[in-house]
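Colleague: Input: one structure, supplied below.
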Amino acid sequence: MATRMQQRRGTAAQWTAANPVLAAGEIGFETNTSKFKMGNGSSNWEALTYFANAEELAALLDGAPDLLNTLNELAAAMGDDPNFFVTVGNDLGTHLSTTTSIHGIPDTALLATKSYADDAVGTHNSDTTNVHGIADTSALALTATVNSALNLKASLASPTFTGTVAGITKTMVGLGSVDNTEDSAKPVSTATQTALDLKAPLASPALTGVPTAPTATAGTATTQVATTQFVGTAVSNLVASSPAALDTLNELATALGNDANFSTTVTNNLAAKAPLASPALTGTATVVNLTASGTVTLPAAGIVFSDGTQAAEGVPSRTTIIQKTGSYTLSALTERDDLIEMGSGSGMTLTIPTDATLNFPIGTSLDILQTSTGQVTFAGAAGVTVNATPGLKLRTTWSSATLFKRAANTWVVYGDLTA
């Protein structure tokens, strides 16, 4: 016949009520939850942790990708930085205040605004000297003025004079060598006219071919004509050493998410972040599992939650031990979450005072440990109800129990008790 191994077993409530110390390697099975714990020879049942099953591990992963399904991979994805979001926020703050070498711009303070350009164009419109190579535009004759003056002149062919015409000779008007047959003797020869036809007018010239002009030095801000070389140099200086992916305005706009209010957007996003000093968190806060090297420093007052589950006194990371050698009445609110060791060769009584004397918050708990042969008895002051089963006494030396306040002037004791 095959050998059958049977472990200690009971319901979750039975295990909690008994709260025994399992031997090292001893298995305790909960019949109503199908969970089990393994003893270490020193810890009570309540102090031991359940062994996880495959379904719980799968629920923990919850479909995470292979590259991010361990705590180490998640930490590496954040650069092993326990303050990852704060670091990003600080980097964004530094970026907002920087004015040099921003997105390929050597100094954003030198950029011209629209108002500056409008002022420059307005100044240009009112200039009359050195405009597009013209020394003084106010000295130019308008076409209407020239035409009006020409209308007062006699035509060369069959002129019709008016008024009194005196005897005018060719020499008198500077045309002594002019006749009607020799082209070279005319005031403007055909060759000269052909040469003049190849010249551009000063006003609105329509240049052809590849016209050239002197290249101004970089930074020139006058009405001088800007050559392609001047423009190319200015563009090159603007781009400077920007990477190829960010050397155009379109690429810069894309990098900013095409957000015309990028600075405001980033400022608003930063405003939604919690400060390092005294952050006031709202909504649902997610706890980040830290690696062994991660350290989070909390203020001395602890963390205050809006639902009151943890008040300013906080939960200490180590239990305070109070030793008594005789009967004792609880006397300070700071005794909550402490371990009171009671050791004497004769019986002792631990008394719980009324709320009027010492008002522990509902939900307060503290542990009592009997360290000697004198049996410890639990009692409530007049008006205080103390419930327990099977009785209100610790069973023997090294027996322990927990006091828990469940309502006003109402306590329950559970642990290694006896009648």
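Identifiers in this document derive from the order of the structure tokens: chains are assigned A, B, ..., residues are numbered from 1 separately in each chain, and ligands are numbered from 1 in order of occurrence.
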Just the residues within 12 Å of A:Asp127, please, counting only C-alpha atoms, with nothing from its chain fewer than 6 positions along; format it as an MDAnalysis selection string.

Modeller: chainID A and resid 120:121 134:138 222:223

Colleague: Take the residues from that selection and write them out as a short mmCIF file (atom, residue, chain, number, x, y, z; two decimals), in the first residue's frame, keeping C-alpha atoms.

Modeller:
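selection21.cif written:
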```cif
data_model
loop_
_atom_site.label_atom_id
_atom_site.label_comp_id
_atom_site.auth_asym_id
_atom_site.auth_seq_id
_atom_site.Cartn_x
_atom_site.Cartn_y
_atom_site.Cartn_z
CA ALA A 120 12.65 97.57 -39.58
CA VAL A 121 10.38 97.52 -42.65
CA ILE A 134 20.32 105.16 -55.14
CA ALA A 135 22.11 107.95 -53.28
CA ASP A 136 18.97 110.04 -52.76
CA THR A 137 15.56 108.81 -53.90
CA SER A 138 14.03 112.23 -53.24
CA THR A 222 21.10 98.06 -44.26
CA THR A 223 19.22 98.47 -47.53
#
```

Colleague: Hey, which of A:Ala12, A:Ala407, A:Leu417, A:Val231 ends up closest to A:Phe360? Count only C-alpha atoms.

Modeller: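 Once distances to A:Phe360 are computed over only C-alpha atoms, the minimum belongs to A:Ala407.
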
Colleague: Can you tell me, as a ChimeraX atom specification, which residues in stretch 1-178 of chain A count as strand (DSSP E or B) by DSSP?

Modeller: /A:8-10,21,27-30,36-38,44,100-102,105-107,129-131,134-136

Colleague: Output N, CA and C atoms of each residue in that selection to a file, as a PDB file, in the first residue's frame.

Modeller:
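Printed below is result.pdb as written:
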```
ATOM      1  N   ARG A   8      -0.617  19.301   8.832  1.00  0.00           N
ATOM      2  CA  ARG A   8      -1.548  19.995   9.717  1.00  0.00           C
ATOM      3  C   ARG A   8      -2.500  20.827   8.867  1.00  0.00           C
ATOM      4  N   ARG A   9      -3.763  20.867   9.208  1.00  0.00           N
ATOM      5  CA  ARG A   9      -4.736  21.537   8.363  1.00  0.00           C
ATOM      6  C   ARG A   9      -5.846  22.151   9.212  1.00  0.00           C
ATOM      7  N   GLY A  10      -6.537  23.073   8.614  1.00  0.00           N
ATOM      8  CA  GLY A  10      -7.643  23.734   9.287  1.00  0.00           C
ATOM      9  C   GLY A  10      -8.104  24.898   8.423  1.00  0.00           C
ATOM     10  N   VAL A  21       3.110  28.302  16.341  1.00  0.00           N
ATOM     11  CA  VAL A  21       4.450  28.401  15.753  1.00  0.00           C
ATOM     12  C   VAL A  21       4.737  27.064  15.069  1.00  0.00           C
ATOM     13  N   ILE A  27       4.542  22.164   7.219  1.00  0.00           N
ATOM     14  CA  ILE A  27       3.550  22.761   6.325  1.00  0.00           C
ATOM     15  C   ILE A  27       2.206  22.858   7.040  1.00  0.00           C
ATOM     16  N   GLY A  28       1.566  24.035   6.922  1.00  0.00           N
ATOM     17  CA  GLY A  28       0.212  24.238   7.437  1.00  0.00           C
ATOM     18  C   GLY A  28      -0.718  24.557   6.282  1.00  0.00           C
ATOM     19  N   PHE A  29      -1.813  23.794   6.130  1.00  0.00           N
ATOM     20  CA  PHE A  29      -2.688  23.919   4.962  1.00  0.00           C
ATOM     21  C   PHE A  29      -4.038  24.478   5.385  1.00  0.00           C
ATOM     22  N   GLU A  30      -4.551  25.516   4.624  1.00  0.00           N
ATOM     23  CA  GLU A  30      -5.886  26.066   4.849  1.00  0.00           C
ATOM     24  C   GLU A  30      -6.873  25.333   3.950  1.00  0.00           C
ATOM     25  N   PHE A  36      -1.199  27.468   1.584  1.00  0.00           N
ATOM     26  CA  PHE A  36      -0.404  26.863   2.655  1.00  0.00           C
ATOM     27  C   PHE A  36       0.757  27.770   3.004  1.00  0.00           C
ATOM     28  N   LYS A  37       1.247  27.572   4.247  1.00  0.00           N
ATOM     29  CA  LYS A  37       2.434  28.269   4.729  1.00  0.00           C
ATOM     30  C   LYS A  37       3.432  27.241   5.233  1.00  0.00           C
ATOM     31  N   MET A  38       4.717  27.621   5.293  1.00  0.00           N
ATOM     32  CA  MET A  38       5.753  26.725   5.798  1.00  0.00           C
ATOM     33  C   MET A  38       6.425  27.401   6.975  1.00  0.00           C
ATOM     34  N   ASN A  44       4.976  32.910  14.524  1.00  0.00           N
ATOM     35  CA  ASN A  44       3.588  32.438  14.618  1.00  0.00           C
ATOM     36  C   ASN A  44       2.974  32.374  13.226  1.00  0.00           C
ATOM     37  N   THR A 100      21.024  79.544 -24.966  1.00  0.00           N
ATOM     38  CA  THR A 100      22.106  79.313 -25.925  1.00  0.00           C
ATOM     39  C   THR A 100      22.078  77.881 -26.410  1.00  0.00           C
ATOM     40  N   SER A 101      22.424  77.697 -27.718  1.00  0.00           N
ATOM     41  CA  SER A 101      22.478  76.373 -28.348  1.00  0.00           C
ATOM     42  C   SER A 101      21.162  75.617 -28.164  1.00  0.00           C
ATOM     43  N   ILE A 102      20.043  76.246 -28.487  1.00  0.00           N
ATOM     44  CA  ILE A 102      18.725  75.635 -28.371  1.00  0.00           C
ATOM     45  C   ILE A 102      18.250  75.228 -29.759  1.00  0.00           C
ATOM     46  N   ILE A 105      19.986  76.856 -32.535  1.00  0.00           N
ATOM     47  CA  ILE A 105      20.053  78.325 -32.508  1.00  0.00           C
ATOM     48  C   ILE A 105      21.117  78.721 -31.488  1.00  0.00           C
ATOM     49  N   PRO A 106      22.200  79.414 -31.919  1.00  0.00           N
ATOM     50  CA  PRO A 106      23.287  79.752 -30.972  1.00  0.00           C
ATOM     51  C   PRO A 106      22.791  80.568 -29.790  1.00  0.00           C
ATOM     52  N   ASP A 107      21.918  81.545 -30.035  1.00  0.00           N
ATOM     53  CA  ASP A 107      21.433  82.390 -28.938  1.00  0.00           C
ATOM     54  C   ASP A 107      20.028  82.857 -29.285  1.00  0.00           C
ATOM     55  N   THR A 129      17.932 107.912 -48.483  1.00  0.00           N
ATOM     56  CA  THR A 129      19.355 107.889 -48.878  1.00  0.00           C
ATOM     57  C   THR A 129      19.881 106.466 -48.907  1.00  0.00           C
ATOM     58  N   ASN A 130      20.728 106.179 -49.910  1.00  0.00           N
ATOM     59  CA  ASN A 130      21.339 104.854 -50.056  1.00  0.00           C
ATOM     60  C   ASN A 130      20.287 103.746 -50.088  1.00  0.00           C
ATOM     61  N   VAL A 131      19.261 103.939 -50.914  1.00  0.00           N
ATOM     62  CA  VAL A 131      18.190 102.959 -51.053  1.00  0.00           C
ATOM     63  C   VAL A 131      18.407 102.177 -52.334  1.00  0.00           C
ATOM     64  N   ILE A 134      20.658 103.784 -54.735  1.00  0.00           N
ATOM     65  CA  ILE A 134      20.317 105.164 -55.138  1.00  0.00           C
ATOM     66  C   ILE A 134      20.738 106.094 -54.003  1.00  0.00           C
ATOM     67  N   ALA A 135      21.568 107.063 -54.317  1.00  0.00           N
ATOM     68  CA  ALA A 135      22.112 107.947 -53.283  1.00  0.00           C
ATOM     69  C   ALA A 135      21.012 108.725 -52.575  1.00  0.00           C
ATOM     70  N   ASP A 136      20.059 109.266 -53.367  1.00  0.00           N
ATOM     71  CA  ASP A 136      18.974 110.043 -52.756  1.00  0.00           C
ATOM     72  C   ASP A 136      17.727 109.880 -53.608  1.00  0.00           C
TER      73      ASP A 136
END
```

Colleague: Would you please work out which residue, of A:Ile322, A:Ala76, A:Ala149, A:Leu22, is nearest to A:Ser43 when using only C-alpha atoms?

Modeller: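 Once distances to A:Ser43 are computed over only C-alpha atoms, the minimum belongs to A:Leu22.
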
Colleague: Do you have the atom CA of A:Ala244-atom CA of A:Gly232 distance handy?

Modeller: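 About the pair atom CA of A:Ala244 and atom CA of A:Gly232: they are 16.6 Å apart.
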
Colleague: What does the distance between atom CA of A:Ala271 and atom CA of A:Thr87 come to in Å, to one decimal place?

Modeller: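 Answer for the atom CA of A:Ala271 to atom CA of A:Thr87 separation: 14.6 Å.
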
Colleague: Which residue gives the smallest distance to A:Ala218 among A:Thr329, A:Thr389, A:Ser236, A:Ser115, with only C-alpha atoms counted?

Modeller: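 So, comparing all the options, the nearest one is A:Ser236.
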
Colleague: Applying 9 Å and only C-alpha atoms, which residues near A:Ala379 remain after dropping the ones on its own chain fewer than 2 positions away? List them as an MDAnalysis selection string.

Modeller: chainID A and resid 349:352 377 381 384:386 392

Colleague: Take the residues from that selection and write them out as a short mmCIF file (atom, residue, chain, number, x, y, z; two decimals), in the first residue's frame, keeping N, CA and C atoms.

Modeller:
```cif
data_model
loop_
_atom_site.label_atom_id
_atom_site.label_comp_id
_atom_site.auth_asym_id
_atom_site.auth_seq_id
_atom_site.Cartn_x
_atom_site.Cartn_y
_atom_site.Cartn_z
N THR A 349 -1.87 41.86 35.92
CA THR A 349 -3.07 42.26 35.18
C THR A 349 -2.74 43.45 34.29
N LEU A 350 -3.14 43.36 33.01
CA LEU A 350 -3.01 44.49 32.09
C LEU A 350 -4.39 45.13 31.95
N THR A 351 -4.53 46.38 32.37
CA THR A 351 -5.83 47.05 32.38
C THR A 351 -5.92 48.06 31.23
N ILE A 352 -7.09 48.06 30.55
CA ILE A 352 -7.36 49.01 29.47
C ILE A 352 -8.23 50.13 30.01
N THR A 377 -3.29 38.56 32.93
CA THR A 377 -4.74 38.61 32.75
C THR A 377 -5.10 39.97 32.16
N ALA A 381 -11.14 48.71 32.44
CA ALA A 381 -11.62 49.57 33.51
C ALA A 381 -13.14 49.64 33.45
N VAL A 384 -15.46 49.63 30.17
CA VAL A 384 -14.73 49.12 29.01
C VAL A 384 -15.06 47.64 28.82
N THR A 385 -15.46 47.24 27.62
CA THR A 385 -15.75 45.85 27.30
C THR A 385 -14.56 45.23 26.60
N VAL A 386 -14.13 44.04 27.09
CA VAL A 386 -13.02 43.31 26.49
C VAL A 386 -13.52 41.92 26.13
N LEU A 392 -9.51 35.35 29.04
CA LEU A 392 -8.77 36.61 29.03
C LEU A 392 -7.40 36.47 29.69
#
```

Colleague: Find the spatial neighbours of A:Pro275, counting only C-alpha atoms, within a cut-off of 12 Å - ignore same-chain residues fewer than 5 positions away - and output them as a list in words.

Modeller: Asn83, Phe85, Val86, Thr87, Gly89, Asn90, Leu270, Ala280 and Leu281 of chain A

Colleague: Quick one: write out the picked residues with C-alpha atoms as a short mmCIF file (atom, residue, chain, number, x, y, z; two decimals), in the first residue's frame?

Modeller:
```cif
data_model
loop_
_atom_site.label_atom_id
_atom_site.label_comp_id
_atom_site.auth_asym_id
_atom_site.auth_seq_id
_atom_site.Cartn_x
_atom_site.Cartn_y
_atom_site.Cartn_z
CA ASN A 83 13.38 59.62 -8.90
CA PHE A 85 9.85 61.50 -13.03
CA VAL A 86 11.52 64.19 -10.91
CA THR A 87 14.69 63.92 -13.04
CA GLY A 89 10.84 67.38 -14.67
CA ASN A 90 14.17 68.99 -13.64
CA LEU A 270 5.24 70.48 -14.72
CA ALA A 280 0.08 66.88 -1.64
CA LEU A 281 -0.95 63.84 -3.70
#
```
